[in-house]
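Visitor: Below is target_18.txt; it holds compact mmCIF, C-alpha atoms and all ligand atoms.
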# COMPACT_ATOMS: atom_id res chain seq x y z
CA MET R 645 44.86 49.35 86.39
CA THR R 646 46.74 46.54 84.68
CA LYS R 647 44.59 44.58 82.29
CA PHE R 648 43.63 40.97 82.86
CA LYS R 649 46.22 38.76 81.06
CA LEU R 650 44.71 36.11 78.84
CA GLY R 651 47.04 33.48 77.38
CA LEU R 652 45.78 32.01 74.11
CA ILE R 653 46.97 28.49 73.38
CA VAL R 654 46.35 27.24 69.87
CA GLY R 655 46.19 23.46 69.49
CA SER R 656 47.71 23.50 66.01
CA ASN R 657 51.25 23.97 64.73
CA ARG R 658 50.12 24.51 61.14
CA ARG R 659 51.29 27.77 59.51
CA GLU R 660 47.85 28.58 58.08
CA SER R 661 45.94 27.31 61.13
CA ILE R 662 42.30 28.42 61.19
CA ASN R 663 42.36 28.03 64.97
CA ARG R 664 45.25 30.48 65.27
CA ALA R 665 43.28 32.96 63.14
CA LEU R 666 40.26 32.44 65.37
CA ALA R 667 42.38 32.89 68.53
CA GLN R 668 43.72 36.18 67.15
CA ALA R 669 40.17 37.31 66.38
CA LEU R 670 38.99 36.42 69.89
CA GLY R 671 41.93 38.33 71.36
CA GLN R 672 40.88 41.40 69.34
CA LEU R 673 37.26 41.00 70.35
CA GLY R 674 38.11 41.37 74.04
CA ALA R 675 40.93 43.91 73.61
CA ASP R 676 39.08 46.51 75.68
CA ARG R 677 38.94 44.18 78.68
CA PHE R 678 42.00 41.95 78.56
CA GLU R 679 45.48 41.77 77.17
CA ALA R 680 45.60 38.64 75.04
CA THR R 681 48.83 37.04 73.85
CA ILE R 682 49.44 33.78 72.08
CA VAL R 683 51.49 31.36 74.18
CA ARG R 684 53.37 29.45 71.48
CA ILE R 685 53.48 25.66 71.56
CA ASP R 686 54.70 24.99 68.02
CA ASP R 687 58.38 25.28 69.02
CA LEU R 688 58.17 22.77 71.89
CA PRO R 689 59.74 19.32 71.53
CA ILE R 690 57.42 16.32 71.94
CA TYR R 691 57.26 15.65 75.65
CA ASN R 692 60.03 13.30 76.79
CA GLN R 693 60.86 12.71 80.45
CA ASP R 694 64.57 12.39 79.61
CA LEU R 695 64.59 16.11 78.69
CA GLU R 696 63.47 17.13 82.18
CA ALA R 697 67.05 16.93 83.53
CA ALA R 698 67.90 20.07 81.49
CA LEU R 699 64.64 21.71 80.38
CA PRO R 700 64.81 23.01 76.78
CA ASP R 701 64.69 26.84 76.53
CA SER R 702 61.38 26.72 74.68
CA VAL R 703 59.82 24.75 77.56
CA VAL R 704 61.15 27.22 80.16
CA ARG R 705 59.70 30.11 78.13
CA PHE R 706 56.37 28.31 77.67
CA LYS R 707 55.96 27.53 81.38
CA ALA R 708 56.85 31.12 82.36
CA GLU R 709 54.26 32.51 79.92
CA VAL R 710 51.57 30.19 81.25
CA GLU R 711 52.42 31.20 84.83
CA ALA R 712 52.26 34.90 83.94
CA SER R 713 48.72 34.51 82.52
CA ASP R 714 45.64 35.10 84.65
CA ALA R 715 43.61 32.70 82.51
CA ILE R 716 44.13 30.51 79.46
CA LEU R 717 41.82 30.20 76.48
CA PHE R 718 42.48 27.03 74.48
CA VAL R 719 41.50 27.30 70.81
CA THR R 720 41.96 23.91 69.29
CA PRO R 721 41.19 21.78 66.27
CA GLU R 722 40.11 18.18 66.62
CA HIS R 723 42.41 15.43 65.42
CA SER R 724 40.96 11.94 65.03
CA ARG R 725 38.11 12.87 67.39
CA SER R 726 40.43 14.00 70.18
CA ILE R 727 43.05 16.54 71.30
CA PRO R 728 45.84 17.10 68.72
CA ALA R 729 49.07 15.46 69.87
CA VAL R 730 50.94 18.77 69.75
CA LEU R 731 48.55 20.27 72.31
CA LYS R 732 48.58 17.23 74.59
CA SER R 733 52.37 17.27 74.56
CA ALA R 734 52.39 20.98 75.53
CA ILE R 735 49.92 20.29 78.35
CA ASP R 736 52.20 17.53 79.64
CA TRP R 737 55.20 19.92 79.60
CA GLY R 738 53.15 22.38 81.65
CA THR R 739 52.58 19.78 84.39
CA ARG R 740 56.27 18.81 84.70
CA PRO R 741 58.85 18.45 86.28
CA TRP R 742 57.06 16.92 89.26
CA GLY R 743 56.01 19.61 91.73
CA GLN R 744 56.28 22.41 89.13
CA ASN R 745 52.82 22.28 87.59
CA SER R 746 52.33 25.61 85.78
CA TRP R 747 48.55 25.09 85.35
CA THR R 748 47.45 24.76 88.99
CA GLY R 749 44.51 27.01 89.91
CA LYS R 750 44.46 28.86 86.56
CA THR R 751 41.13 29.50 84.91
CA ALA R 752 40.69 27.72 81.57
CA ALA R 753 38.19 28.23 78.78
CA VAL R 754 37.92 26.06 75.70
CA THR R 755 36.80 26.64 72.14
CA GLY R 756 37.87 25.60 68.68
CA THR R 757 36.94 25.39 65.06
CA SER R 758 36.99 22.92 62.22
CA GLN R 759 35.23 22.64 58.91
CA GLY R 760 33.22 19.67 60.25
CA ALA R 761 29.61 19.98 61.38
CA VAL R 762 30.31 19.05 65.00
CA ALA R 763 33.25 21.45 64.93
CA THR R 764 35.66 20.11 67.56
CA ALA R 765 32.99 19.10 70.08
CA VAL R 766 34.66 15.78 70.91
CA ALA R 767 38.16 17.25 71.22
CA GLN R 768 36.77 19.94 73.52
CA GLN R 769 35.17 17.34 75.80
CA HIS R 770 38.45 15.39 76.02
CA LEU R 771 40.37 18.60 76.67
CA ARG R 772 38.01 19.66 79.47
CA ALA R 773 38.55 16.33 81.22
CA VAL R 774 42.35 16.70 81.01
CA LEU R 775 42.34 20.34 82.18
CA GLY R 776 40.18 19.51 85.18
CA ASP R 777 42.56 16.71 86.06
CA ILE R 778 45.69 18.91 85.99
CA GLY R 779 44.18 21.38 88.46
CA MET R 780 42.76 24.07 86.19
CA VAL R 781 39.40 25.66 86.93
CA VAL R 782 37.50 25.00 83.72
CA MET R 783 34.80 27.53 82.84
CA GLY R 784 31.34 26.46 81.71
CA GLY R 785 29.87 27.47 78.37
CA GLU R 786 30.46 25.75 75.10
CA ALA R 787 31.37 27.20 71.72
CA TYR R 788 31.76 24.89 68.75
CA ILE R 789 32.48 26.96 65.72
CA SER R 790 32.01 25.51 62.29
CA PHE R 791 34.58 27.23 60.10
CA LYS R 792 33.07 28.63 56.92
CA PRO R 793 34.65 30.85 54.29
CA GLY R 794 34.27 34.46 55.41
CA LEU R 795 33.98 33.72 59.16
CA LEU R 796 37.02 35.93 59.63
CA ASP R 797 38.04 38.87 57.49
CA ASP R 798 41.63 39.50 56.37
CA LYS R 799 42.33 41.45 59.57
CA HIS R 800 41.27 38.47 61.71
CA ALA R 801 38.03 40.13 62.76
CA ILE R 802 35.02 37.88 63.17
CA THR R 803 32.49 38.81 60.52
CA ASP R 804 29.54 36.75 61.66
CA ALA R 805 27.57 38.75 64.22
CA SER R 806 25.87 35.74 65.78
CA VAL R 807 29.22 34.14 66.47
CA ARG R 808 30.48 37.48 67.75
CA ALA R 809 27.54 37.98 70.07
CA PHE R 810 27.62 34.41 71.30
CA LEU R 811 31.33 34.49 71.89
CA LYS R 812 31.16 37.82 73.61
CA ALA R 813 28.61 36.35 76.01
CA PHE R 814 30.73 33.24 76.36
CA LEU R 815 33.84 35.24 77.14
CA ASP R 816 32.00 37.53 79.48
CA GLN R 817 30.96 34.63 81.67
CA THR R 818 28.67 36.82 83.66
CA THR R 819 27.71 34.97 86.83
CA SER R 820 26.05 37.93 88.49
CA ALA R 821 24.97 41.38 87.40
CA LYS R 822 23.24 44.48 88.59
CA ALA R 823 21.73 47.16 86.35
CA ARG R 824 19.08 49.77 86.05
CA PHE R 825 16.46 49.13 83.40
CA ALA R 826 13.80 50.96 81.45
CA GLN R 827 11.04 48.78 80.07
CA MET R 828 8.40 49.58 77.47
CA VAL R 829 5.44 47.45 76.45
CA LEU R 830 4.18 48.01 72.90
CA ASP R 831 1.07 46.55 71.25
CA LYS R 832 1.20 44.89 67.84
CA ASN R 833 0.87 48.30 66.15
CA MET R 834 3.91 49.50 68.14
CA LYS R 835 1.70 51.75 70.30
CA GLN R 836 3.19 52.18 73.75
CA LEU R 837 1.00 50.60 76.44
CA GLN R 838 3.27 50.89 79.47
CA GLN R 839 6.58 52.22 80.58
CA ALA R 840 8.40 51.21 83.74
CA THR R 841 11.78 51.67 85.36
CA GLY R 842 13.63 49.92 88.11
CA THR R 843 16.65 47.83 89.03
CA MET R 844 17.55 44.24 88.42
CA GLN R 845 20.08 41.86 89.91
CA PHE R 846 20.79 38.28 89.07
CA GLN R 847 23.04 35.56 90.34
CA ARG R 848 23.43 32.47 88.22
CA PRO R 849 22.15 29.86 88.39
CA GLY R 850 18.55 30.75 88.86
CA LYS R 851 18.40 33.66 91.30
CA PHE R 852 17.14 37.11 90.42
CA ARG R 853 15.50 40.21 91.79
CA TRP R 854 13.62 42.46 89.41
CA GLU R 855 12.33 45.56 91.16
CA TYR R 856 9.94 48.00 89.46
CA GLU R 857 9.95 51.46 90.97
CA LYS R 858 7.70 53.34 88.54
CA PRO R 859 4.84 53.61 87.71
CA TYR R 860 3.92 50.91 90.29
CA GLU R 861 6.11 49.24 92.85
CA GLN R 862 6.38 45.59 92.06
CA LEU R 863 9.00 43.11 93.17
CA ILE R 864 9.77 39.84 91.38
CA VAL R 865 12.16 37.51 93.18
CA GLY R 866 13.42 34.17 91.92
CA ASP R 867 15.02 32.33 94.84
CA GLY R 868 16.17 29.35 92.77
CA ALA R 869 13.09 27.23 93.59
CA ARG R 870 10.15 29.64 93.62
CA LEU R 871 9.17 32.77 91.76
CA TRP R 872 7.58 35.45 93.98
CA ILE R 873 5.66 38.42 92.58
CA TYR R 874 4.73 41.09 95.11
CA ASP R 875 2.40 43.96 94.22
CA LYS R 876 2.88 46.52 96.93
CA ASP R 877 -0.28 48.57 96.28
CA LEU R 878 -2.53 45.49 96.31
CA ASN R 879 -0.48 43.89 99.13
CA GLN R 880 -0.70 40.71 97.11
CA VAL R 881 1.88 37.95 96.62
CA THR R 882 1.78 35.36 93.86
CA VAL R 883 4.11 32.40 94.12
CA ARG R 884 4.82 29.64 91.61
CA ARG R 885 7.44 26.99 91.03
CA MET R 886 10.37 28.41 89.12
CA ASP R 887 10.69 25.50 86.71
CA LYS R 888 7.12 26.23 85.56
CA ALA R 889 7.79 29.95 85.30
CA LEU R 890 11.12 29.74 83.52
CA GLY R 891 11.11 31.51 80.22
CA SER R 892 8.05 33.49 81.23
CA SER R 893 10.07 36.46 82.42
CA PRO R 894 13.15 38.15 81.01
CA ALA R 895 14.79 37.89 84.44
CA ALA R 896 14.36 34.11 84.46
CA LEU R 897 16.02 33.94 81.06
CA LEU R 898 18.98 36.02 82.20
CA ALA R 899 19.44 34.14 85.45
CA GLY R 900 19.16 30.72 83.82
CA SER R 901 22.14 28.53 83.15
CA ASN R 902 24.47 29.36 80.29
CA GLU R 903 22.74 26.76 78.14
CA ILE R 904 20.58 29.20 76.25
CA GLU R 905 21.29 27.40 72.99
CA LYS R 906 19.68 24.19 74.33
CA THR R 907 16.35 25.90 74.93
CA TYR R 908 16.38 28.37 72.05
CA ASP R 909 17.24 28.36 68.35
CA LEU R 910 19.66 31.24 67.82
CA THR R 911 20.02 33.34 64.68
CA ASN R 912 22.15 36.30 63.81
CA LEU R 913 20.31 39.51 62.97
CA GLY R 914 23.43 41.56 62.35
CA ASN R 915 24.34 44.98 63.61
CA GLN R 916 21.56 47.52 64.07
CA GLU R 917 21.96 50.87 65.77
CA GLY R 918 25.38 49.92 67.12
CA LEU R 919 24.34 46.64 68.76
CA ASP R 920 24.90 43.08 67.56
CA TRP R 921 21.49 41.40 67.70
CA LEU R 922 20.89 37.74 68.31
CA GLU R 923 17.41 36.25 68.03
CA ALA R 924 16.37 33.43 70.34
CA VAL R 925 13.26 31.44 69.36
CA PRO R 926 12.13 28.98 72.06
CA LYS R 927 12.20 25.35 70.93
CA SER R 928 9.16 24.66 73.12
CA LYS R 929 5.82 26.21 72.18
CA GLU R 930 5.00 26.57 75.90
CA ASN R 931 7.23 29.60 76.35
CA ALA R 932 5.33 32.82 77.03
CA PHE R 933 7.41 34.53 74.35
CA GLU R 934 7.38 33.81 70.66
CA ARG R 935 10.85 35.24 70.26
CA ILE R 936 13.45 37.17 72.23
CA ARG R 937 16.09 39.45 70.78
CA LEU R 938 19.29 40.20 72.68
CA GLY R 939 21.38 43.24 71.79
CA PHE R 940 25.08 43.11 72.67
CA GLY R 941 27.28 46.19 72.74
CA GLN R 942 30.46 47.38 74.42
CA ASN R 943 29.01 46.68 77.87
CA GLY R 944 27.75 43.18 77.16
CA LEU R 945 23.97 42.79 77.07
CA GLU R 946 22.53 46.28 76.57
CA ALA R 947 19.00 45.62 75.32
CA MET R 948 16.32 42.93 75.09
CA GLU R 949 13.16 42.77 73.03
CA LEU R 950 10.58 40.12 73.82
CA ARG R 951 7.54 39.42 71.66
CA ASP R 952 4.67 37.40 73.10
CA GLN R 953 2.13 35.15 71.38
CA PHE R 954 -0.32 38.07 71.01
CA GLY R 955 2.09 40.34 69.18
CA GLN R 956 2.89 42.52 72.20
CA ALA R 957 6.52 43.52 72.52
CA THR R 958 8.49 44.30 75.66
CA VAL R 959 11.61 46.36 75.07
CA ILE R 960 14.16 46.63 77.87
CA LYS R 961 17.24 48.84 77.91
CA PHE R 962 19.90 48.33 80.55
CA ALA R 963 22.11 51.06 82.02
CA SER R 964 24.78 51.30 84.75
CA VAL R 965 25.52 47.62 84.25
CA GLU R 966 27.82 46.09 86.89
CA ARG R 967 29.13 42.69 85.91
CA ASN R 968 30.00 40.11 88.56
CA PRO R 969 29.46 42.43 91.56
CA LYS R 970 29.15 40.96 95.05
CA LEU R 971 25.42 40.75 95.74
CA LEU R 972 23.79 40.28 99.13
CA PRO R 973 22.25 36.79 99.43
CA ASP R 974 19.20 38.40 101.07
CA ALA R 975 18.37 40.06 97.76
CA PHE R 976 17.20 36.65 96.51
CA ASN R 977 15.04 35.70 99.50
CA PHE R 978 11.44 36.72 99.86
CA THR R 979 9.13 36.47 102.85
CA PRO R 980 5.56 37.68 102.28
CA PRO R 981 4.83 40.78 104.39
CA LYS R 982 2.35 40.41 107.27
CA GLY R 983 -1.26 40.67 106.10
CA ALA R 984 -0.47 40.13 102.41
CA ASP R 985 -2.75 37.85 100.35
CA VAL R 986 -0.64 34.94 99.14
CA ILE R 987 -1.82 33.14 96.01
CA SER R 988 -0.08 29.87 95.08
CA GLU R 989 -0.31 28.81 91.46
C1 LIG R 1001 45.39 14.27 61.61
C2 LIG R 1001 44.09 15.01 61.41
C3 LIG R 1001 42.94 14.56 62.00
C4 LIG R 1001 41.72 15.27 61.88
N1 LIG R 1001 40.62 14.84 62.54
C5 LIG R 1001 39.51 15.63 62.59
C6 LIG R 1001 38.41 15.32 63.43
O1 LIG R 1001 38.42 14.33 64.14
N2 LIG R 1001 37.35 16.18 63.45
C7 LIG R 1001 37.30 17.33 62.68
O2 LIG R 1001 36.32 18.08 62.75
N3 LIG R 1001 38.33 17.63 61.84
C8 LIG R 1001 39.43 16.82 61.79
N4 LIG R 1001 40.49 17.17 60.99
C9 LIG R 1001 40.37 18.34 60.10
C10 LIG R 1001 40.77 19.60 60.82
O3 LIG R 1001 39.65 20.08 61.50
C11 LIG R 1001 41.28 20.65 59.85
O4 LIG R 1001 42.48 20.16 59.29
C12 LIG R 1001 41.52 21.99 60.49
O5 LIG R 1001 41.92 22.91 59.50
C13 LIG R 1001 42.58 21.90 61.55
O6 LIG R 1001 42.69 23.14 62.23
P1 LIG R 1001 43.97 24.10 62.01
O7 LIG R 1001 43.78 24.75 60.68
O8 LIG R 1001 43.83 25.09 63.14
O9 LIG R 1001 45.21 23.28 62.11
C14 LIG R 1001 41.68 16.45 61.08
C15 LIG R 1001 42.87 16.89 60.46
C16 LIG R 1001 44.06 16.21 60.62
C17 LIG R 1001 45.31 16.74 59.98
Kindly present the structure from the file in C-alpha cells form.
Ligand SMILES: Cc1cc2nc3c(=O)[nH]c(=O)nc-3n(C[C@H](O)[C@H](O)[C@H](O)COP(=O)(O)O)c2cc1C

Guide:
Amino acid sequence: MTKFKLGLIVGSNRRESINRALAQALGQLGADRFEATIVRIDDLPIYNQDLEAALPDSVVRFKAEVEASDAILFVTPEHSRSIPAVLKSAIDWGTRPWGQNSWTGKTAAVTGTSQGAVATAVAQQHLRAVLGDIGMVVMGGEAYISFKPGLLDDKHAITDASVRAFLKAFLDQTTSAKARFAQMVLDKNMKQLQQATGTMQFQRPGKFRWEYEKPYEQLIVGDGARLWIYDKDLNQVTVRRMDKALGSSPAALLAGSNEIEKTYDLTNLGNQEGLDWLEAVPKSKENAFERIRLGFGQNGLEAMELRDQFGQATVIKFASVERNPKLLPDAFNFTPPKGADVISE
C-alpha cells in the first residue's frame, strides 16, 4: 500500500529556522504512517500577478508538489502577530492563475513554534481563516509550541514527551475508534478489586459504546445527549444527562471534543515501559477522577490509568485498536428493553 503523502510547508525562509526543524521532527514522528516531505517555499518569488503570464519554474514545481500531497501540515512562525509574508505569498501562488487553485479540497493542519509564550497562536488563527477561504479542509486541534532549548535533539527528534504525546494525538486526529479493552480496578494499596473485559467504540463528538462482557454484562452508551447504563442481570437502566456525566467515565473523556487541554492541566511523565505518558488533572474539582494518565505508543492511545478521589485506580489496556473505522450509527442509540427498571438521575 502506498503511504499517505503529507506535504510540510514551513512558514519561514530562514536557514536556521526552528519551524523547519520542528517540521522535520514531526515528519519523523509519523514516519510509520505517512511519507512526509517538505514543500519548499523559500525559492518562490514574492507573488506578482505580472508573473502569471509565464509561471516561474519554482512556482510550477511548488504547485505540482502541493497537488501531489494528500494533506498539508503548515508549520509556521508568527511575524508581527500574523502570517509571515513569505508564507502568505506562497499561499497566493497556490491559488493562481485563476481556475488553477492547487489547494482545493486538500486537508490542512496547522502548528508552529516561537520562543514567545503564546507561541504562534495568533498567526495560526489568521492562517486557519485564510486556508478555509481558499477551499482547504482545515482540521481541528490546536498545538502552540513554545520553543525552548532542548525541545529537539541534534537529529531533529522531539525530546519532550508531553509534546510528543500531544502531537501524536493531534496528528492522529482520531474521530472514531474501536478496540477491545481489559480493565482492572485497584484499591489504594494496589490490591486488585475487579477485572473486566469488553469492547469499546467511540465516535467524536460525544458518542460512545462501552460494552463489558466479563465478569458481568453491562452496557454504557453515550448518544451525544444522554448517558445510558444498562445492567443486564438486574434488568436495570440508569440514564443521566451527558453534560453532567462528562468526565465521570473514561469513555466520555475519549469521546469528548479534542479540547482536552481546556478541561485538564497536562504534564509530561516521560517514557515508562515503552509508552509516553501524559497526565491530565481536571481543572474542575467536580470531576469523578483526581487524575488521568494516558499512555501513547506505536498504536496511538494504548493505556489509561484513572485515579478517583478515594485513591482507587482504574487501569485500562486497549488491544486490536481500529482507528477511524466506519461504525454503525445504531451502536450509539439505546432503547431500554421491555420490562427494565429505568432510573433517571
Ligand atoms: C519580522 C519578525 C516578526 C516577529 N513577530 C513575532 C510575533 O508576532 N510573535 C512571536 O511569537 N514571535 C515573533 N517573532 C520572533 C520569531 O518567533 C522568531 O524569530 C522565530 O525564530 C521565527 O521562527 P523561524 O526560526 O522558524 O524563522 C518575530 C520575528 C521576526 C523576524

Visitor: List all protein, DNA and RNA residues that have any atom at most 12 Å from ligand LIG 1001 (chain R), counting all atoms listed in the file, and write the list as an MDAnalysis selection string.

Guide: chainID R and resid 653:668 686 718:731 755:768 770 788:793

Visitor: Between CA of Gln836 (chain R) and CA of Arg951 (chain R), what is the distance, to one decimal in Å?

Guide: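 Interatomic distance, CA of Gln836 (chain R) to CA of Arg951 (chain R): 13.6 Å.
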
Visitor: Hey, can you check how far CA of Tyr874 (chain R) sits from CA of Ala975 (chain R)?

Guide: 13.9 Å

Visitor: Taking every listed atom of region 927-942 of chain R and adding 8 Å to each side, what centre and edge lengths in Å (one decimal) does the axis-aligned box have, as JSON?

Guide:
{"center_x": 17.7, "center_y": 36.0, "center_z": 73.6, "size_x": 41.5, "size_y": 38.7, "size_z": 22.8}

Visitor: Using Å and a single decimal, report how far CA of Trp921 (chain R) sits from CA of Phe933 (chain R).

Guide: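 It comes out at 17.0 Å.
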
Visitor: Pick the closest to Pro700 (chain R) from R:Trp737, R:Phe940, R:Ala669, R:Leu830: which is it, counting all atoms listed in the file?

Guide: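 Nearest candidate to Pro700 (chain R) out of R:Trp737, R:Phe940, R:Ala669, R:Leu830: R:Trp737.
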
Visitor: Report as a tab-separated table (two decimals) with C-alpha atoms, in the coordinates of the input all protein, DNA and RNA residues lying within 9 Å of Pro859 (chain R), evaluated on only C-alpha atoms, omitting residues in the same chain fewer than 4 positions from it.

Guide:
chain	number	residue	atom	x	y	z
R	838	GLN	CA	3.27	50.89	79.47
R	839	GLN	CA	6.58	52.22	80.58
R	840	ALA	CA	8.40	51.21	83.74
R	841	THR	CA	11.78	51.67	85.36

Visitor: Would you mind listing what lies within 12 Å of Asp701 (chain R) as an MDAnalysis selection string, with all atoms listed in the file counted and same-chain residues fewer than 4 positions away left out?

Guide: chainID R and resid 687:689 695:696 705:708

Visitor: Taking all atoms listed in the file into account, which of R:Ile987, R:Val781, R:Arg937, R:Thr748 comes nearest Ile960 (chain R)?

Guide: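 For Ile960 (chain R), the nearest of the candidates is R:Arg937.
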
Visitor: With only C-alpha atoms as the atoms that count, which of R:Lys927, R:Lys822, R:Arg684, R:Lys858 lies nearest to Lys970 (chain R)?

Guide: R:Lys822

Visitor: Tell me, as a compact mmCIF listing (two decimals) with C-alpha atoms, in the frame of the given file, which residues lie within 8 Å of Gly671 (chain R), counting all atoms listed in the file; anything in the same chain fewer than 5 positions away does not count.

Guide:
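Ended up saving to part-v1.txt:
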# COMPACT_ATOMS: atom_id res chain seq x y z
CA LEU R 652 45.78 32.01 74.11
CA GLU R 679 45.48 41.77 77.17
CA ALA R 680 45.60 38.64 75.04
CA THR R 681 48.83 37.04 73.85

Visitor: Which protein, DNA or RNA residues are at most 12 Å from (-5.0, 46.5, 92.5) in the file's coordinates when you count all atoms listed in the file, listed as a ChimeraX atom specification?

Guide: /R:860-862,874-881,985

Visitor: I need the chosen residues saved as a PDB file, keeping the file's coordinate frame, with C-alpha atoms.

Guide:
ATOM      1  CA  TYR R 860       3.920  50.910  90.290  1.00  0.00           C
ATOM      2  CA  GLU R 861       6.110  49.240  92.850  1.00  0.00           C
ATOM      3  CA  GLN R 862       6.380  45.590  92.060  1.00  0.00           C
ATOM      4  CA  TYR R 874       4.730  41.090  95.110  1.00  0.00           C
ATOM      5  CA  ASP R 875       2.400  43.960  94.220  1.00  0.00           C
ATOM      6  CA  LYS R 876       2.880  46.520  96.930  1.00  0.00           C
ATOM      7  CA  ASP R 877      -0.280  48.570  96.280  1.00  0.00           C
ATOM      8  CA  LEU R 878      -2.530  45.490  96.310  1.00  0.00           C
ATOM      9  CA  ASN R 879      -0.480  43.890  99.130  1.00  0.00           C
ATOM     10  CA  GLN R 880      -0.700  40.710  97.110  1.00  0.00           C
ATOM     11  CA  VAL R 881       1.880  37.950  96.620  1.00  0.00           C
ATOM     12  CA  ASP R 985      -2.750  37.850 100.350  1.00  0.00           C
TER      13      ASP R 985
END
